[in-house]
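What follows is the content of input.txt, which has compact mmCIF, C-alpha atoms:
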# COMPACT_ATOMS: atom_id res chain seq x y z
CA MET A 200 -48.29 -12.54 -16.09
CA ILE A 201 -47.54 -9.41 -14.10
CA GLN A 202 -45.50 -11.50 -11.68
CA LYS A 203 -43.43 -12.91 -14.58
CA LEU A 204 -42.85 -9.44 -15.96
CA LYS A 205 -41.68 -8.25 -12.53
CA LEU A 206 -39.27 -11.18 -12.26
CA ALA A 207 -37.92 -10.55 -15.76
CA GLY A 208 -37.42 -6.89 -14.92
CA MET A 209 -35.54 -7.70 -11.75
CA ALA A 210 -33.33 -10.19 -13.58
CA ALA A 211 -32.53 -7.62 -16.24
CA PHE A 212 -31.70 -5.02 -13.59
CA ILE A 213 -29.36 -7.37 -11.70
CA SER A 214 -27.65 -8.39 -14.96
CA ALA A 215 -27.13 -4.77 -15.90
CA ILE A 216 -25.50 -4.06 -12.53
CA ALA A 217 -23.28 -7.14 -12.85
CA LEU A 218 -22.19 -6.15 -16.36
CA ALA A 219 -21.49 -2.58 -15.32
CA SER A 220 -19.37 -3.71 -12.36
CA GLN A 221 -17.31 -6.06 -14.53
CA ALA A 222 -16.75 -3.57 -17.29
CA GLN A 223 -14.18 -1.48 -15.44
CA THR A 224 -11.26 -2.26 -13.22
CA ASN A 225 -9.31 0.36 -11.35
CA VAL A 226 -5.63 -0.04 -10.59
CA VAL A 227 -5.08 1.81 -7.32
CA GLU A 228 -1.54 2.81 -6.40
CA SER A 229 -0.27 4.68 -3.40
CA VAL A 230 1.83 7.78 -3.98
CA THR A 231 4.41 8.78 -1.40
CA PHE A 232 6.84 11.64 -0.94
CA ALA A 233 9.91 11.88 1.28
CA LEU A 234 11.47 15.25 0.54
CA THR A 235 13.79 17.54 2.44
CA ALA A 236 13.46 21.25 1.72
CA PHE A 237 16.27 23.67 2.57
CA TYR A 238 15.41 27.33 2.92
CA GLN A 239 17.23 30.41 4.08
CA GLY A 240 17.07 30.77 7.82
CA GLN A 241 17.95 33.73 9.96
CA SER A 242 21.07 35.78 9.37
CA VAL A 243 22.98 36.91 12.43
CA ALA A 244 25.42 39.81 12.16
CA VAL A 245 27.97 40.42 14.89
CA THR A 246 30.05 43.61 14.67
CA ASN A 247 33.32 44.08 16.47
CA VAL A 248 33.68 47.87 16.55
CA SER A 249 37.21 47.97 17.84
CA HIS A 250 38.48 45.72 15.09
CA HIS A 251 36.11 47.09 12.43
CA LEU A 252 34.89 43.57 11.70
CA THR A 253 31.39 42.35 11.03
CA ASN A 254 30.70 38.62 11.09
CA VAL A 255 27.54 37.51 9.37
CA THR A 256 26.25 33.98 9.91
CA GLN A 257 23.60 32.66 7.56
CA ASN A 258 21.71 29.56 8.54
CA ALA A 259 20.12 27.10 6.18
CA ALA A 260 17.04 25.67 7.79
CA SER A 261 15.29 22.53 6.64
CA VAL A 262 11.93 20.84 6.90
CA SER A 263 10.78 17.41 5.87
CA ILE A 264 7.94 17.14 3.38
CA ALA A 265 6.24 13.78 3.65
CA THR A 266 3.04 12.57 2.02
CA LYS A 267 0.92 13.60 4.98
CA ASP A 268 2.27 17.18 4.69
CA ILE A 269 1.24 17.32 1.04
CA ILE A 270 -2.17 15.92 1.97
CA ALA A 271 -2.48 18.68 4.58
CA VAL A 272 -1.53 21.35 2.01
CA LEU A 273 -4.14 19.98 -0.40
CA GLY A 274 -6.68 19.67 2.39
CA LYS A 275 -6.33 23.33 3.23
CA ALA A 276 -6.74 24.37 -0.40
CA THR A 277 -9.79 22.16 -0.94
CA ALA A 278 -11.35 22.99 2.44
CA ASN A 279 -11.07 19.43 3.69
CA THR A 280 -9.84 18.25 7.06
CA PHE A 281 -8.19 14.93 6.41
CA SER A 282 -7.31 12.49 9.14
CA SER A 283 -3.84 11.00 9.51
CA ALA A 284 -5.16 7.87 7.79
CA ALA A 285 -5.75 9.75 4.52
CA GLN A 286 -3.92 8.33 1.51
CA LEU A 287 -2.67 9.91 -1.69
CA LEU A 288 -3.56 7.51 -4.50
CA ARG A 289 -3.16 7.27 -8.24
CA VAL A 290 -6.11 5.60 -9.90
CA THR A 291 -5.98 4.21 -13.41
CA PRO A 292 -9.20 2.79 -14.83
CA ILE A 293 -8.78 -0.12 -17.22
CA LEU A 294 -11.65 -0.58 -19.57
CA LYS A 295 -11.51 -3.56 -21.90
CA GLY A 296 -7.73 -3.70 -21.67
CA VAL A 297 -7.18 0.00 -22.34
CA ASN A 298 -5.87 2.35 -19.66
CA GLY A 299 -8.12 5.31 -19.04
CA PRO A 300 -7.05 8.76 -17.82
CA THR A 301 -5.16 8.62 -14.54
CA THR A 302 -6.42 10.63 -11.60
CA ILE A 303 -4.79 11.52 -8.29
CA ILE A 304 -7.12 11.35 -5.32
CA ILE A 305 -7.01 11.65 -1.57
CA ARG A 306 -8.96 8.86 0.08
CA ASP A 307 -9.70 9.27 3.75
CA ALA A 308 -11.33 6.11 5.03
CA SER A 309 -10.98 6.87 8.71
CA SER A 310 -14.42 8.25 9.28
CA LYS A 311 -17.69 6.42 8.86
CA ALA A 312 -18.12 7.78 5.37
CA THR A 313 -15.06 7.56 3.14
CA ASN A 314 -14.07 10.98 1.85
CA ILE A 315 -12.61 10.98 -1.68
CA VAL A 316 -11.28 14.19 -3.17
CA ASP A 317 -9.88 14.46 -6.69
CA VAL A 318 -6.66 16.48 -6.53
CA SER A 319 -5.39 15.66 -10.02
CA GLY A 320 -5.42 19.33 -11.02
CA PHE A 321 -2.74 20.20 -8.48
CA PHE A 322 -0.21 17.77 -9.96
CA MET A 323 1.55 18.00 -13.29
CA VAL A 324 3.77 15.21 -14.59
CA SER A 325 5.68 15.27 -17.83
CA GLY A 326 8.43 13.23 -19.42
CA THR A 327 11.62 14.95 -20.37
CA GLY A 328 13.05 12.66 -22.99
CA THR A 329 13.94 9.14 -23.90
CA ALA A 330 12.89 6.16 -21.81
CA VAL A 331 15.06 3.05 -21.79
CA ASP A 332 13.40 -0.32 -21.24
CA ASN A 333 14.61 -3.66 -19.99
CA SER A 334 11.69 -5.98 -20.63
CA THR A 335 10.59 -9.56 -21.09
CA SER A 336 7.56 -10.55 -23.09
CA THR A 337 5.85 -13.82 -23.81
CA ASN A 338 3.77 -14.18 -26.96
CA ASN A 339 3.92 -10.41 -27.42
CA VAL A 340 2.52 -9.84 -23.92
CA LEU A 341 4.81 -7.76 -21.74
CA ILE A 342 5.43 -9.67 -18.52
CA THR A 343 8.25 -7.78 -16.81
CA ASP A 344 9.59 -4.35 -17.55
CA THR A 345 12.06 -2.03 -15.93
CA SER A 346 11.91 1.42 -17.44
CA TYR A 347 14.46 4.18 -16.87
CA SER A 348 13.55 7.77 -17.66
CA THR A 349 13.60 11.32 -16.38
CA LYS A 350 10.44 13.25 -15.55
CA ASN A 351 9.16 16.50 -14.13
CA LEU A 352 6.64 16.61 -11.32
CA SER A 353 5.01 19.77 -10.02
CA LEU A 354 2.69 20.63 -7.19
CA ALA A 355 0.99 23.83 -8.32
CA ASP A 356 -2.06 25.98 -7.72
CA GLN A 357 -5.30 25.05 -9.46
CA ALA A 358 -7.78 27.56 -10.83
CA GLY A 359 -10.83 27.89 -8.64
CA TYR A 360 -9.03 27.01 -5.42
CA PRO A 361 -7.06 29.13 -2.94
CA ALA A 362 -3.30 29.21 -3.44
CA LEU A 363 -1.43 26.29 -1.93
CA THR A 364 0.78 27.05 1.05
CA ALA A 365 3.59 25.09 -0.57
CA HIS A 366 4.61 24.45 -4.16
CA PHE A 367 7.40 22.56 -5.79
CA ASN A 368 8.76 21.73 -9.20
CA LEU A 369 10.81 18.55 -9.20
CA GLN A 370 12.77 16.71 -11.80
CA GLY A 371 14.58 13.46 -11.52
CA PHE A 372 15.47 9.97 -12.44
CA VAL A 373 12.61 7.49 -12.56
CA VAL A 374 12.94 3.73 -12.27
CA ALA A 375 9.69 1.91 -12.91
CA ASN A 376 9.54 -1.82 -12.26
CA LEU A 377 6.49 -3.62 -13.55
CA THR A 378 5.57 -7.26 -13.21
CA ARG A 379 2.31 -7.84 -14.96
CA ASP A 380 -0.36 -10.41 -14.54
CA ILE A 381 -3.05 -10.89 -17.14
CA PHE A 382 -6.42 -10.26 -15.64
CA LYS A 383 -9.48 -10.94 -17.74
CA ASP A 384 -9.50 -8.53 -20.65
CA GLY A 385 -6.83 -6.17 -19.40
CA LEU A 386 -3.23 -6.04 -18.31
CA ILE A 387 -2.88 -5.50 -14.63
CA ALA A 388 0.34 -4.35 -13.02
CA SER A 389 1.23 -6.61 -10.15
CA GLY A 390 3.99 -5.85 -7.68
CA SER A 391 4.93 -2.72 -9.56
CA SER A 392 7.01 0.01 -8.03
CA THR A 393 8.14 3.33 -9.35
CA THR A 394 10.81 5.32 -7.57
CA TRP A 395 11.69 8.89 -8.46
CA THR A 396 14.92 10.32 -7.15
CA VAL A 397 14.15 14.00 -7.36
CA ASN A 398 15.48 17.47 -6.75
CA GLY A 399 14.11 20.87 -7.52
CA THR A 400 12.83 24.13 -6.16
CA GLY A 401 9.70 25.35 -4.47
CA ASP A 402 8.35 27.63 -1.81
CA ARG A 403 6.63 27.51 1.52
CA ASN A 404 4.32 30.48 2.04
CA GLY A 405 6.38 32.37 -0.51
CA VAL A 406 9.73 31.50 1.12
CA PRO A 407 11.80 29.80 -1.57
CA PHE A 408 13.50 26.50 -0.96
CA VAL A 409 15.57 23.90 -2.74
CA VAL A 410 14.42 20.36 -2.29
CA GLU A 411 15.71 16.82 -2.71
CA GLY A 412 14.39 13.38 -1.92
CA ASN A 413 12.27 10.73 -3.51
CA SER A 414 8.75 9.95 -4.52
CA THR A 415 7.27 6.52 -5.07
CA VAL A 416 4.21 5.11 -6.77
CA ASN A 417 3.41 1.58 -5.71
CA VAL A 418 0.66 -0.90 -6.19
CA SER A 419 -0.24 -1.82 -2.65
CA ALA A 420 -2.86 -4.08 -1.16
CA PRO A 421 -5.65 -4.00 -2.10
CA SER A 422 -4.19 -3.36 -5.50
CA PHE A 423 -7.05 -3.70 -7.85
CA ILE A 424 -10.65 -2.87 -7.44
CA VAL A 425 -12.94 -4.71 -9.79
CA GLY A 426 -15.71 -2.44 -10.84
CA PRO A 427 -15.98 1.30 -10.42
CA GLY A 428 -14.60 2.51 -7.14
CA TYR A 429 -11.38 3.04 -5.22
CA MET B 108 -56.52 -26.78 2.57
CA ARG B 109 -55.16 -28.31 5.76
CA ALA B 110 -53.09 -30.85 3.81
CA LYS B 111 -51.54 -28.02 1.82
CA VAL B 112 -50.14 -26.60 5.03
CA ILE B 113 -49.25 -29.78 6.88
CA ILE B 114 -47.28 -31.46 4.08
CA PRO B 115 -44.79 -28.58 3.53
CA VAL B 116 -44.36 -28.18 7.31
CA LEU B 117 -43.60 -31.88 7.69
CA ALA B 118 -41.22 -31.76 4.73
CA LEU B 119 -39.40 -28.74 6.20
CA ALA B 120 -39.12 -30.37 9.60
CA SER B 121 -37.71 -33.53 8.03
CA LEU B 122 -35.15 -31.48 6.13
CA ILE B 123 -34.05 -29.68 9.30
CA LEU B 124 -33.70 -32.99 11.16
CA LEU B 125 -31.69 -34.45 8.29
CA LEU B 126 -29.34 -31.43 8.19
CA ALA B 127 -28.92 -31.54 11.97
CA GLY B 128 -28.05 -35.23 11.79
CA LEU B 129 -25.48 -34.64 9.04
CA ALA B 130 -23.90 -31.80 11.03
CA HIS B 131 -23.66 -33.99 14.10
CA PHE B 132 -21.94 -36.90 12.37
CA GLY B 133 -19.73 -34.82 10.14
CA GLY B 134 -18.70 -32.33 12.84
CA SER B 135 -17.17 -34.70 15.35
CA ALA B 136 -13.56 -33.81 16.11
CA PRO B 137 -10.86 -35.99 14.59
CA SER B 138 -9.35 -36.69 18.00
CA GLN B 139 -12.56 -38.36 19.04
CA GLN B 140 -12.28 -40.81 16.19
CA PRO B 141 -10.57 -44.08 17.08
CA GLN B 142 -7.20 -44.22 15.35
CA GLU B 143 -6.78 -47.04 12.94
CA PRO B 144 -3.92 -49.42 13.70
CA GLY B 145 -2.15 -48.68 10.43
CA MET B 146 -2.23 -44.90 11.07
CA ALA B 147 0.21 -44.84 13.99
CA ALA B 148 1.91 -41.46 13.97
CA ASP B 149 5.32 -42.70 15.06
CA SER B 150 5.60 -45.52 12.58
CA ALA B 151 8.03 -44.57 9.86
CA SER B 152 6.48 -46.88 7.34
CA ALA B 153 2.92 -45.93 8.04
CA ALA B 154 0.98 -43.30 6.23
CA ARG B 155 0.16 -40.24 8.31
CA ALA B 156 -3.30 -38.75 8.64
CA ILE B 157 -3.35 -35.00 8.99
CA PRO B 158 -6.52 -33.78 10.69
CA VAL B 159 -8.09 -30.65 9.29
CA GLN B 160 -10.58 -28.20 10.72
CA PRO B 161 -13.88 -30.02 11.13
CA VAL B 162 -16.72 -28.18 9.48
CA PHE B 163 -19.41 -30.52 8.27
CA HIS B 164 -17.28 -33.38 7.13
CA GLN B 165 -13.93 -34.78 8.09
CA VAL B 166 -11.14 -34.77 5.56
CA ALA B 167 -7.97 -36.77 5.99
CA VAL B 168 -5.02 -35.96 3.75
CA VAL B 169 -2.84 -39.03 3.49
CA MET B 170 0.81 -38.38 2.80
CA PRO B 171 3.68 -40.83 2.60
CA ALA B 172 5.76 -40.58 5.76
CA GLN B 173 9.07 -41.54 4.20
CA HIS B 174 10.97 -38.46 3.08
CA SER B 175 12.47 -40.26 0.10
CA ALA B 176 9.00 -40.95 -1.23
CA LEU B 177 8.21 -37.24 -1.49
CA PRO B 178 8.37 -35.80 -4.98
CA GLU B 179 11.28 -33.43 -5.54
CA ILE B 180 10.32 -29.76 -5.38
CA ASP B 181 11.63 -27.68 -8.22
CA PRO B 182 14.11 -25.12 -6.77
CA ALA B 183 12.89 -22.57 -9.31
CA ILE B 184 9.33 -22.92 -8.00
CA MET B 185 10.56 -22.57 -4.41
CA GLU B 186 12.51 -19.44 -5.36
CA GLU B 187 9.48 -17.98 -7.11
CA GLN B 188 7.35 -18.71 -4.03
CA ARG B 189 9.95 -17.03 -1.82
CA LEU B 190 10.02 -13.98 -4.10
CA GLU B 191 6.22 -13.83 -4.18
CA ALA B 192 6.06 -13.99 -0.37
CA GLY B 193 8.60 -11.15 -0.25
CA ARG B 194 6.58 -9.06 -2.71
CA GLN B 195 3.44 -9.57 -0.64
CA ARG B 196 5.24 -8.50 2.53
CA VAL B 197 6.60 -5.40 0.83
CA ALA B 198 3.09 -4.52 -0.36
CA GLU B 199 1.74 -4.98 3.18
CA LEU B 200 4.43 -2.72 4.62
CA ARG B 201 3.65 0.00 2.08
CA ASP B 202 -0.04 -0.27 2.78
CA TRP B 203 0.37 -0.05 6.55
CA ALA B 204 2.61 2.98 6.15
CA THR B 205 0.24 4.90 3.91
CA ARG B 206 -2.75 4.07 6.11
CA ARG B 207 -0.78 4.85 9.29
CA GLU B 208 -2.68 2.22 11.21
CA PRO B 209 -1.93 2.77 14.88
CA ASN B 210 -0.61 -0.66 15.74
CA SER B 211 1.30 -1.36 12.55
CA LEU B 212 4.44 0.66 13.36
CA ASN B 213 5.87 -2.06 15.59
CA THR B 214 5.39 -4.63 12.83
CA ILE B 215 7.04 -2.30 10.33
CA LEU B 216 10.01 -1.78 12.64
CA SER B 217 10.35 -5.51 13.33
CA GLU B 218 11.10 -6.01 9.63
CA LEU B 219 14.20 -3.79 9.81
CA SER B 220 16.16 -6.93 10.72
CA ASN B 221 14.61 -9.17 8.05
CA PRO B 222 17.26 -11.16 6.17
CA ASP B 223 15.61 -10.15 2.88
CA ALA B 224 17.19 -6.85 1.81
CA GLY B 225 14.09 -5.88 -0.18
CA ILE B 226 11.87 -6.24 2.88
CA ARG B 227 14.37 -4.30 5.01
CA ARG B 228 14.38 -1.44 2.52
CA ALA B 229 10.57 -1.46 2.32
CA ALA B 230 10.35 -1.40 6.13
CA LEU B 231 12.67 1.59 6.28
CA ALA B 232 10.69 3.46 3.62
CA ALA B 233 7.50 2.57 5.50
CA ALA B 234 8.93 3.93 8.76
CA MET B 235 9.74 7.21 7.00
CA GLU B 236 6.30 7.35 5.41
CA PHE B 237 4.65 6.62 8.75
CA GLY B 238 6.35 9.77 10.03
CA ASP B 239 6.28 8.93 13.72
CA ARG B 240 9.34 10.02 15.67
CA SER B 241 8.81 7.23 18.17
CA ALA B 242 10.41 5.03 15.48
CA ILE B 243 13.80 6.73 15.91
CA PRO B 244 15.12 4.53 18.79
CA ALA B 245 14.36 1.37 16.80
CA LEU B 246 16.07 2.86 13.76
CA GLN B 247 19.13 3.74 15.85
CA GLU B 248 19.18 0.21 17.24
CA ALA B 249 19.04 -1.17 13.70
CA LEU B 250 21.85 1.19 12.71
CA GLU B 251 24.07 -0.20 15.46
CA SER B 252 23.30 -3.84 14.78
CA ASN B 253 23.37 -3.70 10.97
CA SER B 254 26.67 -4.33 9.18
CA ASP B 255 25.51 -3.59 5.62
CA PRO B 256 27.09 -0.26 4.53
CA GLN B 257 24.15 0.58 2.24
CA ASP B 258 21.64 -0.12 5.01
CA LYS B 259 23.62 2.06 7.40
CA VAL B 260 23.51 5.03 5.03
CA SER B 261 19.77 4.54 4.49
CA LEU B 262 19.12 4.25 8.22
CA GLN B 263 21.10 7.43 8.92
CA ARG B 264 19.10 9.29 6.26
CA ALA B 265 15.82 8.00 7.69
CA ILE B 266 16.74 9.09 11.23
CA ALA B 267 17.80 12.53 9.98
CA PHE B 268 14.55 12.82 8.00
CA LEU B 269 12.34 11.98 10.99
CA GLN B 270 14.28 14.35 13.27
CA LEU B 271 13.52 17.33 11.01
CA PRO B 272 10.54 19.55 11.71
CA THR B 273 7.83 18.71 9.21
CA LEU B 274 6.27 21.13 6.77
CA THR B 275 3.02 20.84 8.71
CA GLU B 276 4.73 21.66 11.99
CA ALA B 277 6.46 24.63 10.39
CA ASP B 278 3.16 26.05 9.17
CA PRO B 279 0.68 26.60 11.99
CA GLY B 280 -2.13 26.93 9.47
CA LEU B 281 -1.56 23.39 8.31
CA GLU B 282 -1.61 21.97 11.84
CA ALA B 283 -5.29 22.88 11.95
CA ALA B 284 -5.87 21.30 8.54
CA MET B 285 -4.53 17.94 9.63
CA PRO B 286 -4.85 16.47 13.11
CA PRO B 287 -1.71 15.05 14.70
CA SER B 288 -0.75 11.47 13.96
CA ILE B 289 -2.68 8.72 15.62
CA PRO B 290 -0.65 7.48 18.61
CA SER B 291 1.31 4.46 17.50
CA GLY B 292 0.67 2.59 20.66
CA ASN B 293 4.38 2.17 21.38
Encoding of this model in structure tokens:
Amino acid sequence: MIQKLKLAGMAAFISAIALASQAQTNVVESVTFALTAFYQGQSVAVTNVSHHLTNVTQNAASVSIATKDIIAVLGKATANTFSSAAQLLRVTPILKGVNGPTTIIIRDASSKATNIVDVSGFFMVSGTGTAVDNSTSTNNVLITDTSYSTKNLSLADQAGYPALTAHFNLQGFVVANLTRDIFKDGLIASGSSTTWTVNGTGDRNGVPFVVEGNSTVNVSAPSFIVGPGY
Amino acid sequence: MRAKVIIPVLALASLILLLAGLAHFGGSAPSQQPQEPGMAADSASAARAIPVQPVFHQVAVVMPAQHSALPEIDPAIMEEQRLEAGRQRVAELRDWATRREPNSLNTILSELSNPDAGIRRAALAAAMEFGDRSAIPALQEALESNSDPQDKVSLQRAIAFLQLPTLTEADPGLEAAMPPSIPSGN
């Protein structure tokens, strides 16, 4: 009798784990940045005394801001040393067909133990107006969709953390291509890509800059994680 | 008591022998099998046997050898398969770039000459995301060999982007926060 009870308990435990792992699916997308920031470089003044002329040359200097630079900035603020294999990811949980709140994380899987840091609080995204869609649906299920819109994206300080060494406030044109596959009880984006052509302003250690470039959000392999996890 | 032990042991031993025998007969390589007269590979009218990986049993897929006998493949399906293969390649390129796997840069750069414009663009974006200046010679080579005006502009932008000092390089404090890139192995 005790043996039967033990077996029943184990079966119930395994079933509970199986149900819990099937209840949620995470869509994991990689976020990338390729920005060029222009800031004021050194000014050089040359004075010709005899001709009473002063020539001043101002130089615009530039730096590239790629994803790994943003990861480094966030690593410094969160007291993490990320490896060059660290990824910036957007994670959207889908629970019974409904999208949950999106989070931005850094996942560093280079070491033995994967380091995952939630950096959502440093990013702010907002729409600026109308979105225009070009879509195809079958039986009221959206299959393909290209959406055109404009959005704002900021990298800003978060309360409780040291100030970031770089900030920016970008706005730009967003093209989001979605091709969706139906997966169990939810809609899963497959082969989706979002490209933001952006420009804006920011600063590096308090030195202001203007910035242009692009940012992308892409479903990349492995795209979907069944069950909780990234 | 002794029978209780001996009978299961004998049964287990028989099972092992049976499994071993099945593995032996099923695992023999197709080339070791005598070819049937009607299966001659060069005969146009004969059916062709395609050997598959032997595991525990041999499987022969018989296909008609005459091309005209093959069912017509829907061009739309072929196009969809081609597009799907392209999408998968693009996803792989993005993934390699964001993970910065040491040996993937060469593969990324090899796709700069892919006939599929979507894959070429993804390879270029991946090279920028990878952020390794050792990619610049390959990008310059692609710039010289490519005749597409749009590609040329994108390649020039990518080269200029990689030649710039990075934000991390410009801020010594960040250098300590992130180790240098893994050598690409180039």
Worksheet item: Any idea which chain A residues end up within 10 Å of chain B if we count all atoms listed in the file, as a ChimeraX atom specification please?
Response: /A:228-236,260-276,278-288,306-309,364-365,389-392,403-404,412,415,417-422
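Picture a line from CA of Ile315 in chain A to CA of Gln357 in chain A; it runs 17.7 Å.
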Show me, as a PDB file with C-alpha atoms, in the coordinates of the input, the residues that have an atom within 12 Å of Thr246 in chain A when counting all atoms listed in the file, minus same-chain residues fewer than 5 positions from it.
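Final output, out32.pdb:
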ATOM      1  CA  HIS A 251      36.110  47.090  12.430  1.00  0.00           C
ATOM      2  CA  LEU A 252      34.890  43.570  11.700  1.00  0.00           C
ATOM      3  CA  THR A 253      31.390  42.350  11.030  1.00  0.00           C
ATOM      4  CA  ASN A 254      30.700  38.620  11.090  1.00  0.00           C
ATOM      5  CA  VAL A 255      27.540  37.510   9.370  1.00  0.00           C
ATOM      6  CA  THR A 256      26.250  33.980   9.910  1.00  0.00           C
TER       7      THR A 256
END
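CA of Leu352 in chain A to CA of Gly328 in chain A spans 13.9 Å [interatomic distance, one decimal].
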Discussion item. I'd like the neighbourhood of Pro407 in chain A as a PyMOL selection string, where a residue qualifies if any of its atoms comes within 9 Å (using all atoms listed in the file), though same-chain residues fewer than 3 positions away should be ignored.
Written reply: chain A and resi 237-239+400-404
Write a file of the selected residues as an mmCIF file, in the coordinates of the input, keeping C-alpha atoms.
data_model
loop_
_atom_site.group_PDB
_atom_site.id
_atom_site.type_symbol
_atom_site.label_atom_id
_atom_site.label_comp_id
_atom_site.auth_asym_id
_atom_site.auth_seq_id
_atom_site.Cartn_x
_atom_site.Cartn_y
_atom_site.Cartn_z
ATOM 1 C CA PHE A 237 16.270 23.670 2.570
ATOM 2 C CA TYR A 238 15.410 27.330 2.920
ATOM 3 C CA GLN A 239 17.230 30.410 4.080
ATOM 4 C CA THR A 400 12.830 24.130 -6.160
ATOM 5 C CA GLY A 401 9.700 25.350 -4.470
ATOM 6 C CA ASP A 402 8.350 27.630 -1.810
ATOM 7 C CA ARG A 403 6.630 27.510 1.520
ATOM 8 C CA ASN A 404 4.320 30.480 2.040
#
Fill in: One-decimal distance in Å that lies between CA of Tyr360 in chain A and CA of Asn314 in chain A
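Here the two named atoms are 18.3 Å from each other.
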Worksheet entry | Nearest candidate to Asn398 in chain A (options A:Val416, A:Ala355, A:Leu377, A:Lys350; using only C-alpha atoms) |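 The closest residue to Asn398 in chain A is A:Lys350.
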Discussion item. Distance cut-off 9 Å, centre (-5.4, 18.0, -7.4) in file coordinates, counting all atoms listed in the file: which residues qualify? Return them as a PyMOL selection string.
Written reply: chain A and resi 273+277+302-305+316-322+354-357
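Shortest atom-to-atom contact with Ala242 in chain B among B:Leu117, B:Leu262, B:Ala183, B:Gly193: B:Leu262, counting only C-alpha atoms.
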